[in-house]
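Q: Here it is, the structure in full.
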Amino acid sequence: MQKIMSREDALEIIDQSDFGVLSLSDAEGHPYGVPLSMVRKGDWLYFHGRKGGRKMGIIGRGCRAGFTCVAALRGVPVRFTTLFRSAIAEGGVELVEDRQEQVEALRLLSQKYAPEAMKYFDREIGKSLDRTAVFRMKLEMLTAKGSLEKKG
């Protein structure tokens with residue numbers, strides 16, 4: 001049985017997820033969904049990409065978006081169902097312009113996905129920051145639901 005969960009549960013699901021799917025709509029109203037690595041700091045979700053491209057074009061003009069994460073998924077074949085915990089966020093997305101905030105967001109992403117390589121972070125950021133776009137999404141509306149009890 002599915003149950004609606006709290007905002008705190010939704011934030012925990014986002015933090016535990018390896019990736020999420022950003023859902024946007026372009027100027028012509030065409031849907032665009034892209035899987036992304038992300039990290040949360042407070043009520044902001046940070047992600048990155050290359051400068052240019054479809055995602056940059058949509059976000060660059062200012063937009064609202066949805067972001068979906070699934071932290072746990074386990075099939076139950078004998079019941080023809082799955083057990084899961086998922087969160088959906090909605091909010092405004094924008095390009096991060098401040099260089100210090102860009103570096104901090106990329107540092108948080110690197111700590112999440114490559115903690116063993118942090119000794120190389122400063123060297124790599126020096127080589128790649130000028131060609132990297134950093135985005136942030138305000139977590140204005142959050143919902144979570146699940147059928148899988150959390151561990152602990």
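Note on naming: chains are A, B, ... as they come in the structure tokens, residues start from 1 per chain, ligands start from 1 in the order shown.
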Counting only C-alpha atoms, what is within 12 Å of A:Pro31, bar same-chain residues fewer than 6 positions away, as a PyMOL selection string?
A: chain A and resi 22-25+54-55+58+65-66
Q: Would you kindly return, as a PyMOL selection string, each protein, DNA or RNA residue with an atom no farther than 10 Å from any atom of A:Arg50, considering only C-alpha atoms and excluding same-chain residues fewer than 4 positions away?
A: chain A and resi 55-56+128-134
Q: Please produce an output containing C-alpha atoms for each residue in the selection, written as a compact mmCIF listing (two decimals), in the first residue's frame.
A:
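Contents of selection24.txt, as written:
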```
# COMPACT_ATOMS: atom_id res chain seq x y z
CA LYS A 55 18.96 22.20 -21.34
CA MET A 56 20.98 25.43 -21.20
CA SER A 128 36.78 22.93 -16.57
CA LEU A 129 34.88 25.73 -14.83
CA ASP A 130 34.81 28.06 -17.83
CA ARG A 131 33.02 25.46 -19.96
CA THR A 132 30.67 24.19 -17.23
CA ALA A 133 27.21 25.56 -16.49
CA VAL A 134 25.93 25.21 -12.93
```
Q: Taking into account only C-alpha atoms, which residue in the set A:Tyr113, A:Phe67, A:Tyr32, A:Tyr46 is nearest to A:Thr143?
A: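 Looking only at the distances to A:Thr143, the closest residue turns out to be A:Phe67.
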Q: Pick out the residues sitting within 10 Å of stretch 101-105 of chain A, and hand them over as number ranges by chain; count only C-alpha atoms, and ignore anything fewer than 6 positions along from it in its own chain.
A: A: 38-41, 45-48, 95, 111, 121-122, 125-126, 129, 132-136
Q: Restricted to N, CA, C and O atoms, what would the selected residues look like written as a tab-separated table (two decimals), in the first residue's frame?
A:
```tsv
chain	number	residue	atom	x	y	z
A	38	MET	N	22.88	15.09	-9.03
A	38	MET	CA	22.49	16.32	-8.34
A	38	MET	C	22.91	16.23	-6.89
A	38	MET	O	23.22	15.16	-6.37
A	39	VAL	N	22.89	17.39	-6.24
A	39	VAL	CA	23.17	17.45	-4.81
A	39	VAL	C	22.28	18.55	-4.23
A	39	VAL	O	21.99	19.54	-4.90
A	40	ARG	N	21.86	18.34	-3.00
A	40	ARG	CA	20.99	19.32	-2.34
A	40	ARG	C	21.76	20.05	-1.25
A	40	ARG	O	22.55	19.47	-0.51
A	41	LYS	N	21.52	21.36	-1.17
A	41	LYS	CA	22.01	22.17	-0.06
A	41	LYS	C	20.84	23.03	0.40
A	41	LYS	O	20.40	23.92	-0.34
A	45	LEU	N	18.55	22.60	-5.07
A	45	LEU	CA	19.07	21.41	-5.73
A	45	LEU	C	20.04	21.91	-6.80
A	45	LEU	O	19.67	22.77	-7.61
A	46	TYR	N	21.26	21.41	-6.79
A	46	TYR	CA	22.28	21.84	-7.74
A	46	TYR	C	22.59	20.72	-8.73
A	46	TYR	O	22.66	19.55	-8.34
A	47	PHE	N	22.81	21.09	-9.96
A	47	PHE	CA	23.27	20.16	-10.99
A	47	PHE	C	24.06	20.96	-12.01
A	47	PHE	O	24.13	22.18	-11.95
A	48	HIS	N	24.70	20.27	-12.93
A	48	HIS	CA	25.56	20.96	-13.88
A	48	HIS	C	25.42	20.36	-15.27
A	48	HIS	O	24.78	19.33	-15.46
A	95	LEU	N	20.31	29.60	-13.91
A	95	LEU	CA	21.75	29.46	-14.08
A	95	LEU	C	22.43	30.16	-12.91
A	95	LEU	O	22.05	31.28	-12.55
A	111	GLN	N	32.03	15.78	-3.94
A	111	GLN	CA	32.07	15.06	-2.67
A	111	GLN	C	31.05	13.94	-2.63
A	111	GLN	O	31.29	12.88	-2.05
A	121	PHE	N	40.39	18.02	-6.98
A	121	PHE	CA	39.29	18.93	-7.30
A	121	PHE	C	39.77	20.29	-7.79
A	121	PHE	O	39.34	20.76	-8.84
A	122	ASP	N	40.64	20.93	-7.06
A	122	ASP	CA	41.09	22.28	-7.43
A	122	ASP	C	41.74	22.29	-8.81
A	122	ASP	O	41.49	23.21	-9.61
A	125	ILE	N	38.84	21.74	-11.43
A	125	ILE	CA	37.92	22.88	-11.53
A	125	ILE	C	38.59	24.01	-12.30
A	125	ILE	O	37.95	24.72	-13.07
A	126	GLY	N	39.90	24.16	-12.12
A	126	GLY	CA	40.64	25.18	-12.86
A	126	GLY	C	40.61	24.94	-14.36
A	126	GLY	O	40.62	25.89	-15.15
A	129	LEU	N	35.94	24.83	-15.28
A	129	LEU	CA	34.88	25.73	-14.83
A	129	LEU	C	34.36	26.64	-15.94
A	129	LEU	O	33.15	26.88	-16.03
A	132	THR	N	31.71	24.89	-17.99
A	132	THR	CA	30.67	24.19	-17.23
A	132	THR	C	29.59	25.17	-16.78
A	132	THR	O	29.89	26.23	-16.24
A	133	ALA	N	28.35	24.79	-17.00
A	133	ALA	CA	27.21	25.56	-16.49
A	133	ALA	C	26.73	24.89	-15.21
A	133	ALA	O	26.62	23.66	-15.14
A	134	VAL	N	26.46	25.70	-14.20
A	134	VAL	CA	25.93	25.21	-12.93
A	134	VAL	C	24.53	25.80	-12.78
A	134	VAL	O	24.32	26.99	-13.00
A	135	PHE	N	23.59	24.95	-12.42
A	135	PHE	CA	22.19	25.34	-12.27
A	135	PHE	C	21.73	25.07	-10.86
A	135	PHE	O	22.26	24.19	-10.17
A	136	ARG	N	20.70	25.81	-10.44
A	136	ARG	CA	20.08	25.53	-9.15
A	136	ARG	C	18.57	25.60	-9.32
A	136	ARG	O	18.05	26.38	-10.11
```
Q: Could you check the closest approach to A:Leu108 for each of A:Ile59, A:Asp9, A:Ala89, A:Ser37 and tell me which residue wins, using only C-alpha atoms?
A: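 Going through A:Ile59, A:Asp9, A:Ala89, A:Ser37 one by one, the smallest distance to A:Leu108 is for A:Ser37.
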Q: Could you jot down the atom CA of A:Lys3 to atom CA of A:Ser147 separation for me, Å, one decimal place?
A: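 About the pair atom CA of A:Lys3 and atom CA of A:Ser147: they are 6.4 Å apart.
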Q: Which polymer residues have any atom within 8 Å of an atom of A:Ala144, counting only C-alpha atoms, with same-chain residues fewer than 2 positions away left out, as a list in words?
A: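 My list of contacting residues is Ile4, Met5, Ser6, Arg7, Asp9, Ala10, Arg85, Ser86, Ala87, Ile88, Leu142 and Gly146 of chain A.
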Q: Please write the residues from the selection above to a file, keeping N, CA and C atoms, as a PDB file, in the first residue's frame.
A:
```pdb
ATOM      1  N   ILE A   4       1.588   8.526   1.554  1.00  0.00           N
ATOM      2  CA  ILE A   4       2.133   9.857   1.366  1.00  0.00           C
ATOM      3  C   ILE A   4       3.085  10.113   2.530  1.00  0.00           C
ATOM      4  N   MET A   5       4.240  10.695   2.226  1.00  0.00           N
ATOM      5  CA  MET A   5       5.241  10.923   3.257  1.00  0.00           C
ATOM      6  C   MET A   5       5.491  12.419   3.454  1.00  0.00           C
ATOM      7  N   SER A   6       6.270  12.747   4.447  1.00  0.00           N
ATOM      8  CA  SER A   6       6.522  14.135   4.842  1.00  0.00           C
ATOM      9  C   SER A   6       7.554  14.822   3.943  1.00  0.00           C
ATOM     10  N   ARG A   7       7.648  16.141   4.101  1.00  0.00           N
ATOM     11  CA  ARG A   7       8.675  16.925   3.411  1.00  0.00           C
ATOM     12  C   ARG A   7      10.076  16.426   3.793  1.00  0.00           C
ATOM     13  N   ASP A   9      10.893  13.404   4.648  1.00  0.00           N
ATOM     14  CA  ASP A   9      11.103  12.160   3.909  1.00  0.00           C
ATOM     15  C   ASP A   9      11.488  12.455   2.466  1.00  0.00           C
ATOM     16  N   ALA A  10      10.821  13.442   1.859  1.00  0.00           N
ATOM     17  CA  ALA A  10      11.134  13.805   0.474  1.00  0.00           C
ATOM     18  C   ALA A  10      12.578  14.277   0.351  1.00  0.00           C
ATOM     19  N   ARG A  85      10.329   4.162  -2.885  1.00  0.00           N
ATOM     20  CA  ARG A  85      10.272   5.456  -2.201  1.00  0.00           C
ATOM     21  C   ARG A  85      10.662   6.495  -3.248  1.00  0.00           C
ATOM     22  N   SER A  86       9.800   7.466  -3.484  1.00  0.00           N
ATOM     23  CA  SER A  86      10.082   8.462  -4.517  1.00  0.00           C
ATOM     24  C   SER A  86       9.694   9.852  -4.038  1.00  0.00           C
ATOM     25  N   ALA A  87      10.339  10.845  -4.654  1.00  0.00           N
ATOM     26  CA  ALA A  87      10.052  12.242  -4.336  1.00  0.00           C
ATOM     27  C   ALA A  87       9.966  13.033  -5.628  1.00  0.00           C
ATOM     28  N   ILE A  88       9.071  14.002  -5.637  1.00  0.00           N
ATOM     29  CA  ILE A  88       8.922  14.903  -6.781  1.00  0.00           C
ATOM     30  C   ILE A  88       9.005  16.329  -6.251  1.00  0.00           C
ATOM     31  N   LEU A 142       7.328  19.996  -2.610  1.00  0.00           N
ATOM     32  CA  LEU A 142       7.855  18.633  -2.514  1.00  0.00           C
ATOM     33  C   LEU A 142       6.741  17.675  -2.140  1.00  0.00           C
ATOM     34  N   GLY A 146       5.599   6.291  -1.017  1.00  0.00           N
ATOM     35  CA  GLY A 146       6.333   5.034  -1.073  1.00  0.00           C
ATOM     36  C   GLY A 146       5.534   3.879  -0.520  1.00  0.00           C
TER      37      GLY A 146
END
```
